[in-house]
>>> print(open('final06.cif').read())   # mmCIF, C-alpha atoms and all ligand atoms
data_input
#
loop_
_atom_site.group_PDB
_atom_site.id
_atom_site.type_symbol
_atom_site.label_atom_id
_atom_site.label_comp_id
_atom_site.auth_asym_id
_atom_site.auth_seq_id
_atom_site.Cartn_x
_atom_site.Cartn_y
_atom_site.Cartn_z
ATOM 1 C CA MET A 1 154.390 69.082 -244.865
ATOM 2 C CA HIS A 2 153.187 69.114 -248.389
ATOM 3 C CA LEU A 3 156.627 69.984 -249.659
ATOM 4 C CA THR A 4 158.263 67.331 -247.537
ATOM 5 C CA ARG A 5 156.089 64.603 -248.933
ATOM 6 C CA LYS A 6 156.681 65.737 -252.479
ATOM 7 C CA LYS A 7 160.358 65.881 -251.799
ATOM 8 C CA LYS A 8 160.410 62.317 -250.569
ATOM 9 C CA GLN A 9 158.743 61.171 -253.750
ATOM 10 C CA LEU A 10 161.254 63.059 -255.821
ATOM 11 C CA ALA A 11 164.076 61.575 -253.815
ATOM 12 C CA ALA A 12 162.768 58.077 -254.321
ATOM 13 C CA GLY A 13 162.595 58.746 -258.043
ATOM 14 C CA ALA A 14 166.157 59.943 -258.118
ATOM 15 C CA LEU A 15 167.362 56.848 -256.317
ATOM 16 C CA LEU A 16 165.575 54.616 -258.778
ATOM 17 C CA LEU A 17 167.143 56.499 -261.647
ATOM 18 C CA SER A 18 170.591 56.257 -260.215
ATOM 19 C CA SER A 19 170.436 52.571 -259.453
ATOM 20 C CA ALA A 20 169.015 51.883 -262.897
ATOM 21 C CA GLY A 21 171.954 53.789 -264.302
ATOM 22 C CA LEU A 22 174.453 51.786 -262.343
ATOM 23 C CA ILE A 23 173.047 48.371 -263.021
ATOM 24 C CA GLY A 24 171.724 48.849 -266.520
ATOM 25 C CA GLY A 25 174.447 51.147 -267.783
ATOM 26 C CA THR A 26 175.810 48.814 -270.470
ATOM 27 C CA ALA A 27 175.303 49.003 -274.232
ATOM 28 C CA GLY A 28 171.589 49.662 -274.534
ATOM 29 C CA LEU A 29 170.432 52.596 -276.538
ATOM 30 C CA SER A 30 173.349 53.160 -278.889
ATOM 31 C CA ALA A 31 171.168 52.990 -281.996
ATOM 32 C CA HIS A 32 169.193 55.875 -280.586
ATOM 33 C CA ALA A 33 172.238 58.019 -279.996
ATOM 34 C CA ALA A 34 173.861 57.310 -283.356
ATOM 35 C CA GLY A 35 171.818 59.934 -285.235
ATOM 36 C CA GLY A 36 173.824 63.127 -284.966
ATOM 37 C CA GLY A 37 174.540 65.000 -288.163
ATOM 38 C CA ALA A 38 174.366 68.684 -288.875
ATOM 39 C CA THR A 39 170.947 70.116 -288.308
ATOM 40 C CA PRO A 40 170.463 73.653 -289.553
ATOM 41 C CA SER A 41 169.385 75.986 -286.773
ATOM 42 C CA LEU A 42 167.096 77.943 -289.092
ATOM 43 C CA GLY A 43 163.667 78.043 -287.568
ATOM 44 C CA GLY A 44 164.901 76.557 -284.307
ATOM 45 C CA THR A 45 164.534 78.084 -280.888
ATOM 46 C CA ASP A 46 167.790 79.258 -279.390
ATOM 47 C CA THR A 47 168.062 79.133 -275.626
ATOM 48 C CA LYS A 48 170.876 80.107 -273.345
ATOM 49 C CA ALA A 49 171.744 79.683 -269.689
ATOM 50 C CA THR A 50 174.304 81.543 -267.644
ATOM 51 C CA LEU A 51 175.732 78.978 -265.264
ATOM 52 C CA HIS A 52 176.303 80.220 -261.736
ATOM 53 C CA SER A 53 178.201 78.513 -258.949
ATOM 54 C CA LEU A 54 176.423 76.353 -256.444
ATOM 55 C CA ASN A 55 177.968 75.287 -253.150
ATOM 56 C CA ASN A 56 180.602 78.027 -253.507
ATOM 57 C CA SER A 57 182.341 75.955 -256.173
ATOM 58 C CA GLY A 58 183.551 79.024 -258.048
ATOM 59 C CA ALA A 59 182.567 77.292 -261.310
ATOM 60 C CA THR A 60 180.815 79.421 -263.923
ATOM 61 C CA GLY A 61 179.874 79.044 -267.559
ATOM 62 C CA ILE A 62 177.418 79.332 -270.390
ATOM 63 C CA SER A 63 175.233 76.723 -271.985
ATOM 64 C CA THR A 64 173.258 77.068 -275.200
ATOM 65 C CA VAL A 65 170.576 74.746 -276.485
ATOM 66 C CA THR A 66 168.990 75.113 -279.907
ATOM 67 C CA VAL A 67 165.728 73.231 -280.206
ATOM 68 C CA ASN A 68 164.790 71.944 -283.660
ATOM 69 C CA GLY A 69 161.754 69.734 -283.474
ATOM 70 C CA ARG A 70 162.931 66.780 -281.427
ATOM 71 C CA LYS A 71 166.615 67.497 -281.883
ATOM 72 C CA ILE A 72 168.674 69.710 -279.628
ATOM 73 C CA ASP A 73 172.108 71.138 -280.212
ATOM 74 C CA VAL A 74 173.729 71.509 -276.816
ATOM 75 C CA SER A 75 176.853 73.415 -275.897
ATOM 76 C CA VAL A 76 178.370 73.806 -272.458
ATOM 77 C CA ASP A 77 181.386 75.975 -271.761
ATOM 78 C CA ALA A 78 182.409 76.118 -268.147
ATOM 79 C CA LYS A 79 185.499 76.933 -266.117
ATOM 80 C CA ARG A 80 186.951 76.650 -262.615
ATOM 81 C CA LEU A 81 185.776 73.071 -262.195
ATOM 82 C CA LEU A 82 187.780 70.376 -260.433
ATOM 83 C CA LYS A 83 190.463 69.380 -262.926
ATOM 84 C CA GLY A 84 190.728 65.930 -264.457
ATOM 85 C CA MET A 85 187.703 64.395 -262.761
ATOM 86 C CA PRO A 86 184.391 63.439 -264.382
ATOM 87 C CA HIS A 87 181.639 66.007 -264.130
ATOM 88 C CA ALA A 88 178.132 64.646 -264.571
ATOM 89 C CA MET A 89 176.098 67.177 -266.553
ATOM 90 C CA HIS A 90 172.381 67.086 -267.187
ATOM 91 C CA ILE A 91 169.391 68.912 -268.493
ATOM 92 C CA HIS A 92 166.872 68.774 -265.665
ATOM 93 C CA PHE A 93 163.156 69.402 -265.986
ATOM 94 C CA GLY A 94 160.078 68.546 -263.973
ATOM 95 C CA ALA A 95 156.556 69.755 -264.639
ATOM 96 C CA GLN A 96 156.176 70.147 -260.857
ATOM 97 C CA ALA A 97 159.542 71.796 -260.365
ATOM 98 C CA ARG A 98 160.091 75.548 -259.992
ATOM 99 C CA HIS A 99 162.273 75.710 -263.131
ATOM 100 C CA GLU A 100 164.983 77.421 -261.114
ATOM 101 C CA CYS A 101 168.362 76.759 -259.621
ATOM 102 C CA PRO A 102 168.282 75.817 -255.940
ATOM 103 C CA THR A 103 169.153 78.334 -253.260
ATOM 104 C CA VAL A 104 170.237 78.043 -249.629
ATOM 105 C CA ARG A 105 166.558 77.786 -248.770
ATOM 106 C CA ASP A 106 166.551 74.360 -250.422
ATOM 107 C CA ASP A 107 169.165 73.090 -247.955
ATOM 108 C CA SER A 108 166.488 71.175 -246.087
ATOM 109 C CA ASN A 109 168.826 69.421 -243.654
ATOM 110 C CA ALA A 110 170.729 72.673 -243.006
ATOM 111 C CA ASP A 111 174.157 71.119 -243.509
ATOM 112 C CA HIS A 112 175.304 74.145 -245.530
ATOM 113 C CA ARG A 113 175.579 72.281 -248.774
ATOM 114 C CA LEU A 114 173.039 71.553 -251.469
ATOM 115 C CA ASN A 115 173.040 67.948 -252.548
ATOM 116 C CA THR A 116 171.469 66.722 -255.756
ATOM 117 C CA VAL A 117 168.180 65.642 -254.220
ATOM 118 C CA GLU A 118 167.750 68.933 -252.347
ATOM 119 C CA GLY A 119 167.886 70.617 -255.744
ATOM 120 C CA LEU A 120 165.028 68.566 -257.200
ATOM 121 C CA PRO A 121 162.147 70.862 -256.158
ATOM 122 C CA ALA A 122 163.971 73.652 -257.997
ATOM 123 C CA TYR A 123 165.223 71.942 -261.154
ATOM 124 C CA GLY A 124 163.325 68.649 -261.331
ATOM 125 C CA PRO A 125 164.708 65.251 -262.293
ATOM 126 C CA VAL A 126 167.334 64.466 -264.939
ATOM 127 C CA LYS A 127 165.891 64.397 -268.463
ATOM 128 C CA VAL A 128 169.060 64.384 -270.571
ATOM 129 C CA SER A 129 172.506 63.140 -269.556
ATOM 130 C CA LEU A 130 175.073 65.266 -271.366
ATOM 131 C CA THR A 131 177.474 62.430 -272.035
ATOM 132 C CA LYS A 132 180.270 62.626 -274.592
ATOM 133 C CA HIS A 133 179.062 59.518 -276.428
ATOM 134 C CA GLY A 134 176.489 56.754 -276.150
ATOM 135 C CA ASP A 135 173.229 56.931 -274.262
ATOM 136 C CA THR A 136 171.940 60.337 -273.178
ATOM 137 C CA SER A 137 168.867 59.203 -271.245
ATOM 138 C CA PRO A 138 168.388 59.466 -267.463
ATOM 139 C CA LYS A 139 169.842 55.932 -267.303
ATOM 140 C CA SER A 140 173.222 57.592 -267.813
ATOM 141 C CA THR A 141 172.759 60.042 -264.916
ATOM 142 C CA LEU A 142 175.917 58.738 -263.253
ATOM 143 C CA ALA A 143 177.757 57.282 -266.254
ATOM 144 C CA VAL A 144 181.025 58.640 -264.899
ATOM 145 C CA ASN A 145 183.161 57.198 -267.707
ATOM 146 C CA ARG A 146 181.300 59.138 -270.381
ATOM 147 C CA PHE A 147 181.202 62.646 -268.899
ATOM 148 C CA PRO A 148 183.728 65.428 -269.554
ATOM 149 C CA THR A 149 186.647 65.509 -267.143
ATOM 150 C CA ALA A 150 187.580 69.199 -267.238
ATOM 151 C CA PRO A 151 191.233 69.124 -268.246
ATOM 152 C CA GLU A 152 192.620 72.553 -267.270
ATOM 153 C CA HIS A 153 189.498 72.960 -265.099
ATOM 154 C CA GLN A 154 187.373 73.627 -268.190
ATOM 155 C CA ILE A 155 184.630 71.905 -270.123
ATOM 156 C CA HIS A 156 183.871 72.596 -273.779
ATOM 157 C CA TYR A 157 181.020 70.379 -274.814
ATOM 158 C CA ASP A 158 178.979 70.106 -277.989
ATOM 159 C CA ARG A 159 176.470 67.470 -278.957
ATOM 160 C CA ASN A 160 173.337 66.958 -281.037
ATOM 161 C CA ILE A 161 170.799 64.892 -279.108
ATOM 162 C CA GLY A 162 167.359 63.493 -279.852
ATOM 163 C CA ILE A 163 164.705 64.153 -277.209
ATOM 164 C CA GLY A 164 160.938 63.890 -276.698
ATOM 165 C CA LYS A 165 158.415 66.473 -277.787
ATOM 166 C CA LYS A 166 157.357 67.434 -274.261
ATOM 167 C CA LEU A 167 160.920 68.132 -273.199
ATOM 168 C CA ALA A 168 161.602 70.066 -276.409
ATOM 169 C CA HIS A 169 158.670 72.335 -275.561
ATOM 170 C CA ALA A 170 159.788 72.704 -271.963
ATOM 171 C CA ILE A 171 163.269 73.785 -273.046
ATOM 172 C CA ALA A 172 161.935 76.240 -275.624
ATOM 173 C CA ASN A 173 159.596 77.636 -272.961
ATOM 174 C CA GLY A 174 162.376 78.396 -270.500
ATOM 175 C CA LYS A 175 161.616 75.615 -268.043
ATOM 176 C CA ALA A 176 164.713 73.445 -268.304
ATOM 177 C CA VAL A 177 167.840 73.746 -266.182
ATOM 178 C CA VAL A 178 171.441 72.801 -266.959
ATOM 179 C CA VAL A 179 173.374 71.426 -263.980
ATOM 180 C CA ILE A 180 177.047 70.490 -263.754
ATOM 181 C CA HIS A 181 177.920 68.210 -260.851
ATOM 182 C CA GLY A 182 181.171 67.511 -259.056
ATOM 183 C CA ILE A 183 182.825 69.762 -256.500
ATOM 184 C CA ASP A 184 186.028 69.541 -254.488
ATOM 185 C CA TYR A 185 184.887 70.980 -251.146
ATOM 186 C CA ASN A 186 188.169 70.425 -249.337
ATOM 187 C CA HIS A 187 190.369 71.460 -252.286
ATOM 188 C CA ASN A 188 192.551 68.358 -252.290
ATOM 189 C CA GLY A 189 192.322 67.887 -256.042
ATOM 190 C CA LYS A 190 190.032 64.852 -256.084
ATOM 191 C CA TYR A 191 186.658 63.522 -255.088
ATOM 192 C CA ASP A 192 186.759 62.030 -251.596
ATOM 193 C CA PHE A 193 184.349 61.263 -248.778
ATOM 194 C CA SER A 194 185.196 64.360 -246.727
ATOM 195 C CA ALA A 195 181.621 65.564 -247.276
ATOM 196 C CA GLY A 196 180.141 62.093 -246.850
ATOM 197 C CA LYS A 197 178.423 59.779 -249.274
ATOM 198 C CA SER A 198 176.479 60.796 -252.358
ATOM 199 C CA ASP A 199 172.745 61.090 -251.873
ATOM 200 C CA LEU A 200 172.349 59.436 -255.300
ATOM 201 C CA ASP A 201 174.712 56.515 -254.844
ATOM 202 C CA PRO A 202 176.347 55.723 -251.475
ATOM 203 C CA SER A 203 179.307 54.111 -253.229
ATOM 204 C CA LEU A 204 180.241 57.533 -254.616
ATOM 205 C CA PRO A 205 181.438 60.528 -252.601
ATOM 206 C CA ALA A 206 179.055 63.451 -252.220
ATOM 207 C CA GLU A 207 181.778 65.523 -253.872
ATOM 208 C CA ALA A 208 181.278 63.581 -257.110
ATOM 209 C CA THR A 209 177.560 64.289 -257.382
ATOM 210 C CA ASP A 210 176.770 67.535 -255.557
ATOM 211 C CA PRO A 211 175.928 70.343 -257.998
ATOM 212 C CA ALA A 212 178.723 72.786 -258.837
ATOM 213 C CA ALA A 213 177.037 75.056 -261.382
ATOM 214 C CA CYS A 214 173.513 75.675 -262.571
ATOM 215 C CA GLY A 215 171.572 77.837 -265.009
ATOM 216 C CA VAL A 216 168.050 78.065 -266.427
ATOM 217 C CA LEU A 217 167.759 77.921 -270.231
ATOM 218 C CA HIS A 218 165.859 80.924 -271.569
ATOM 219 C CA GLU A 219 165.015 81.775 -275.156
ATOM 220 C CA SER A 220 167.719 83.945 -276.658
ATOM 221 C CA ASN A 221 166.376 84.431 -280.218
ATOM 222 C CA GLY A 222 165.252 87.926 -279.364
ATOM 223 C CA SER A 223 168.757 89.077 -278.595
ATOM 224 C CA LEU A 224 170.233 87.808 -281.884
ATOM 225 C CA PRO A 225 170.256 89.682 -285.180
ATOM 226 C CA THR A 226 167.336 88.804 -287.442
ATOM 227 C CA GLN A 227 168.110 86.201 -290.067
HETATM 228 CU CU CU B 301 172.097 66.877 -262.836
#
>>> encode(input="final06.cif", output="C-alpha cells", more="lines below")
Ligand SMILES: [Cu+2]
Amino acid sequence: MHLTRKKKQLAAGALLLSSAGLIGGTAGLSAHAAGGGATPSLGGTDTKATLHSLNNSGATGISTVTVNGRKIDVSVDAKRLLKGMPHAMHIHFGAQARHECPTVRDDSNADHRLNTVEGLPAYGPVKVSLTKHGDTSPKSTLAVNRFPTAPEHQIHYDRNIGIGKKLAHAIANGKAVVVIHGIDYNHNGKYDFSAGKSDLDPSLPAEATDPAACGVLHESNGSLPTQ
C-alpha cells in the first residue's frame, strides 16, 4: 500500500517533468550550459558505473563521472544499442529511491517489461539529461533531438556539466544511477508501438523510453593509482 502510494506520486512527478520537457523544450537555459572548459580532475571524486542490460536489451557499457565541486565530467561508453535512433540518457537520483537499478520485482503490472516509471523507486527521478548540447536539466528528459543516436549501435559520450551541490554529494556518495533508454523489443530496427505507448509521453512508443541499460555510480578513486 505504502509503496503503491509513493509510486503514484513518483509517476505523477515524472509525467509533469516529461510534459514540461515537451512544451518548454525551446531555447531556455543555454547560458547555463555554455560553461564547459577543461576542469582538472585533481582533488575530484571519480565514480564509475558498469551498465547492465535491462529488459533483455543486450546493451552494456561503462559510465564514469568525476565530481569537482559543482561540475561533473561525464563519460558514457555503451554498445549493442538500437542503431541510429536517439537514446535518452540520464543521471537519476532520488533521496527516497533505493539507489539501485530496477529488477523484475519492480515490474508492478507484471507485463514482463520494466517501463521508466516502474524504475523510479529504484533509481529516482531524472536529475541530469545527458544531452549532446544545450540544456541538461530534467526539462530535457525527452529532448530526442539532442541525445546520442548510437551509430554502429554504440554511444561514446563526454560532457562537462554544472549541477547542484546536493546532487554532487549524492553522486560522490554512490547514490546516483545512469540510465540509457530506448530498446527495440521486436528487433525491427526502429522504435514502434509494438510494446504500446510510452508511460512518459503517450505520443512516443514505449520502445523509445523504456530503459535499456543501467548502472549505479560508485566511487572508483580507491582502485586508481595514487596521484
Ligand atoms: Cu532516465
>>> residues_near_point(input="final06.cif", point="(169.6, 72.2, -254.5)", cutoff="8 Å", atoms="only C-alpha atoms", output="ChimeraX atom specification")
/A:101-104,106-107,114-123,211
>>> write_last_selection(input="final06.cif", atoms="C-alpha atoms", output="PDB file, in the coordinates of the input")
ATOM      1  CA  CYS A 101     168.362  76.759-259.621  1.00  0.00           C
ATOM      2  CA  PRO A 102     168.282  75.817-255.940  1.00  0.00           C
ATOM      3  CA  THR A 103     169.153  78.334-253.260  1.00  0.00           C
ATOM      4  CA  VAL A 104     170.237  78.043-249.629  1.00  0.00           C
ATOM      5  CA  ASP A 106     166.551  74.360-250.422  1.00  0.00           C
ATOM      6  CA  ASP A 107     169.165  73.090-247.955  1.00  0.00           C
ATOM      7  CA  LEU A 114     173.039  71.553-251.469  1.00  0.00           C
ATOM      8  CA  ASN A 115     173.040  67.948-252.548  1.00  0.00           C
ATOM      9  CA  THR A 116     171.469  66.722-255.756  1.00  0.00           C
ATOM     10  CA  VAL A 117     168.180  65.642-254.220  1.00  0.00           C
ATOM     11  CA  GLU A 118     167.750  68.933-252.347  1.00  0.00           C
ATOM     12  CA  GLY A 119     167.886  70.617-255.744  1.00  0.00           C
ATOM     13  CA  LEU A 120     165.028  68.566-257.200  1.00  0.00           C
ATOM     14  CA  PRO A 121     162.147  70.862-256.158  1.00  0.00           C
ATOM     15  CA  ALA A 122     163.971  73.652-257.997  1.00  0.00           C
ATOM     16  CA  TYR A 123     165.223  71.942-261.154  1.00  0.00           C
ATOM     17  CA  PRO A 211     175.928  70.343-257.998  1.00  0.00           C
TER      18      PRO A 211
END
>>> closest_residue(input="final06.cif", among="A:Val65, A:Val74, A:Ala195, A:Ala97", to="A:Ile183", atoms="all atoms listed in the file")
A:Ala195
>>> closest_residue(input="final06.cif", among="A:Gly44, A:Pro125, A:Pro86, A:Gly69", to="ligand CU 301 (chain B)", atoms="only C-alpha atoms and all ligand atoms")
A:Pro125
>>> residues_near_ligand(input="final06.cif", ligand="ligand CU 301 (chain B)", cutoff="8 Å", atoms="only C-alpha atoms and all ligand atoms", output="PDB file with C-alpha atoms, in the coordinates of the input")
ATOM      1  CA  ALA A  88     178.132  64.646-264.571  1.00  0.00           C
ATOM      2  CA  MET A  89     176.098  67.177-266.553  1.00  0.00           C
ATOM      3  CA  HIS A  90     172.381  67.086-267.187  1.00  0.00           C
ATOM      4  CA  ILE A  91     169.391  68.912-268.493  1.00  0.00           C
ATOM      5  CA  HIS A  92     166.872  68.774-265.665  1.00  0.00           C
ATOM      6  CA  THR A 116     171.469  66.722-255.756  1.00  0.00           C
ATOM      7  CA  PRO A 125     164.708  65.251-262.293  1.00  0.00           C
ATOM      8  CA  VAL A 126     167.334  64.466-264.939  1.00  0.00           C
ATOM      9  CA  SER A 129     172.506  63.140-269.556  1.00  0.00           C
ATOM     10  CA  THR A 141     172.759  60.042-264.916  1.00  0.00           C
ATOM     11  CA  VAL A 178     171.441  72.801-266.959  1.00  0.00           C
ATOM     12  CA  VAL A 179     173.374  71.426-263.980  1.00  0.00           C
ATOM     13  CA  ILE A 180     177.047  70.490-263.754  1.00  0.00           C
ATOM     14  CA  HIS A 181     177.920  68.210-260.851  1.00  0.00           C
ATOM     15  CA  PRO A 211     175.928  70.343-257.998  1.00  0.00           C
TER      16      PRO A 211
END
>>> residues_around(input="final06.cif", residues="stretch 184-192 of chain A", least_positions_apart="4", cutoff="9 Å", atoms="all atoms listed in the file", output="PDB file with C-alpha atoms, keeping the file's coordinate frame")
ATOM      1  CA  ASN A  55     177.968  75.287-253.150  1.00  0.00           C
ATOM      2  CA  ASN A  56     180.602  78.027-253.507  1.00  0.00           C
ATOM      3  CA  SER A  57     182.341  75.955-256.173  1.00  0.00           C
ATOM      4  CA  LEU A  81     185.776  73.071-262.195  1.00  0.00           C
ATOM      5  CA  LEU A  82     187.780  70.376-260.433  1.00  0.00           C
ATOM      6  CA  LYS A  83     190.463  69.380-262.926  1.00  0.00           C
ATOM      7  CA  GLY A  84     190.728  65.930-264.457  1.00  0.00           C
ATOM      8  CA  MET A  85     187.703  64.395-262.761  1.00  0.00           C
ATOM      9  CA  GLY A 196     180.141  62.093-246.850  1.00  0.00           C
ATOM     10  CA  LYS A 197     178.423  59.779-249.274  1.00  0.00           C
ATOM     11  CA  LEU A 204     180.241  57.533-254.616  1.00  0.00           C
ATOM     12  CA  PRO A 205     181.438  60.528-252.601  1.00  0.00           C
ATOM     13  CA  ALA A 206     179.055  63.451-252.220  1.00  0.00           C
ATOM     14  CA  GLU A 207     181.778  65.523-253.872  1.00  0.00           C
ATOM     15  CA  ALA A 208     181.278  63.581-257.110  1.00  0.00           C
TER      16      ALA A 208
END
>>> residues_around(input="final06.cif", residues="A:Ala172", least_positions_apart="5", cutoff="12 Å", atoms="all atoms listed in the file", output="short mmCIF file (atom, residue, chain, number, x, y, z; two decimals) with C-alpha atoms, in the coordinates of the input")
data_model
loop_
_atom_site.label_atom_id
_atom_site.label_comp_id
_atom_site.auth_asym_id
_atom_site.auth_seq_id
_atom_site.Cartn_x
_atom_site.Cartn_y
_atom_site.Cartn_z
CA GLY A 44 164.90 76.56 -284.31
CA THR A 45 164.53 78.08 -280.89
CA ASP A 46 167.79 79.26 -279.39
CA THR A 47 168.06 79.13 -275.63
CA LYS A 48 170.88 80.11 -273.35
CA ALA A 49 171.74 79.68 -269.69
CA THR A 64 173.26 77.07 -275.20
CA VAL A 65 170.58 74.75 -276.48
CA THR A 66 168.99 75.11 -279.91
CA VAL A 67 165.73 73.23 -280.21
CA ASN A 68 164.79 71.94 -283.66
CA GLY A 69 161.75 69.73 -283.47
CA ARG A 70 162.93 66.78 -281.43
CA LYS A 71 166.62 67.50 -281.88
CA ILE A 72 168.67 69.71 -279.63
CA PHE A 93 163.16 69.40 -265.99
CA LYS A 165 158.42 66.47 -277.79
CA LYS A 166 157.36 67.43 -274.26
CA LEU A 167 160.92 68.13 -273.20
CA VAL A 177 167.84 73.75 -266.18
CA VAL A 216 168.05 78.06 -266.43
CA LEU A 217 167.76 77.92 -270.23
CA HIS A 218 165.86 80.92 -271.57
CA GLU A 219 165.02 81.78 -275.16
CA SER A 220 167.72 83.94 -276.66
CA ASN A 221 166.38 84.43 -280.22
#
>>> atom_distance(input="final06.cif", atom1="atom CA of A:Asp199", atom2="atom CA of A:His87")
15.9 Å
>>> atom_distance(input="final06.cif", atom1="atom CA of A:Ser194", atom2="atom CA of A:His156")
28.3 Å
>>> closest_residue(input="final06.cif", among="A:Ile163, A:Arg80, A:Gly182, A:Ala168", to="A:Val144", atoms="only C-alpha atoms")
A:Gly182
>>> atom_distance(input="final06.cif", atom1="atom CA of A:Asp201", atom2="atom CA of A:Ser140")
13.1 Å
>>> resolve_selection(input="final06.cif", expression="the PyMOL selection byres (((chain A and resi 160) around 8) and not hetatm)", output="number ranges by chain")
A: 36-37, 71-74, 158-159, 161-162
>>> residues_around(input="final06.cif", residues="stretch 76-79 of chain A", least_positions_apart="6", cutoff="9 Å", atoms="only C-alpha atoms", output="list in words")
Leu51, Gly58, Ala59, Thr60, Gly61, Ile62, Ser63, Thr64, Val65, Ala150, Glu152, His153, Gln154, Ile155, His156, Tyr157, Asp158, Val178, Ile180 and Ala213 of chain A
>>> axis_aligned_box(input="final06.cif", around="stretch 154-163 of chain A", padding_each_side="8 Å", output="JSON")
{"center_x": 176.0, "center_y": 68.6, "center_z": -274.6, "size_x": 38.7, "size_y": 26.1, "size_z": 28.8}
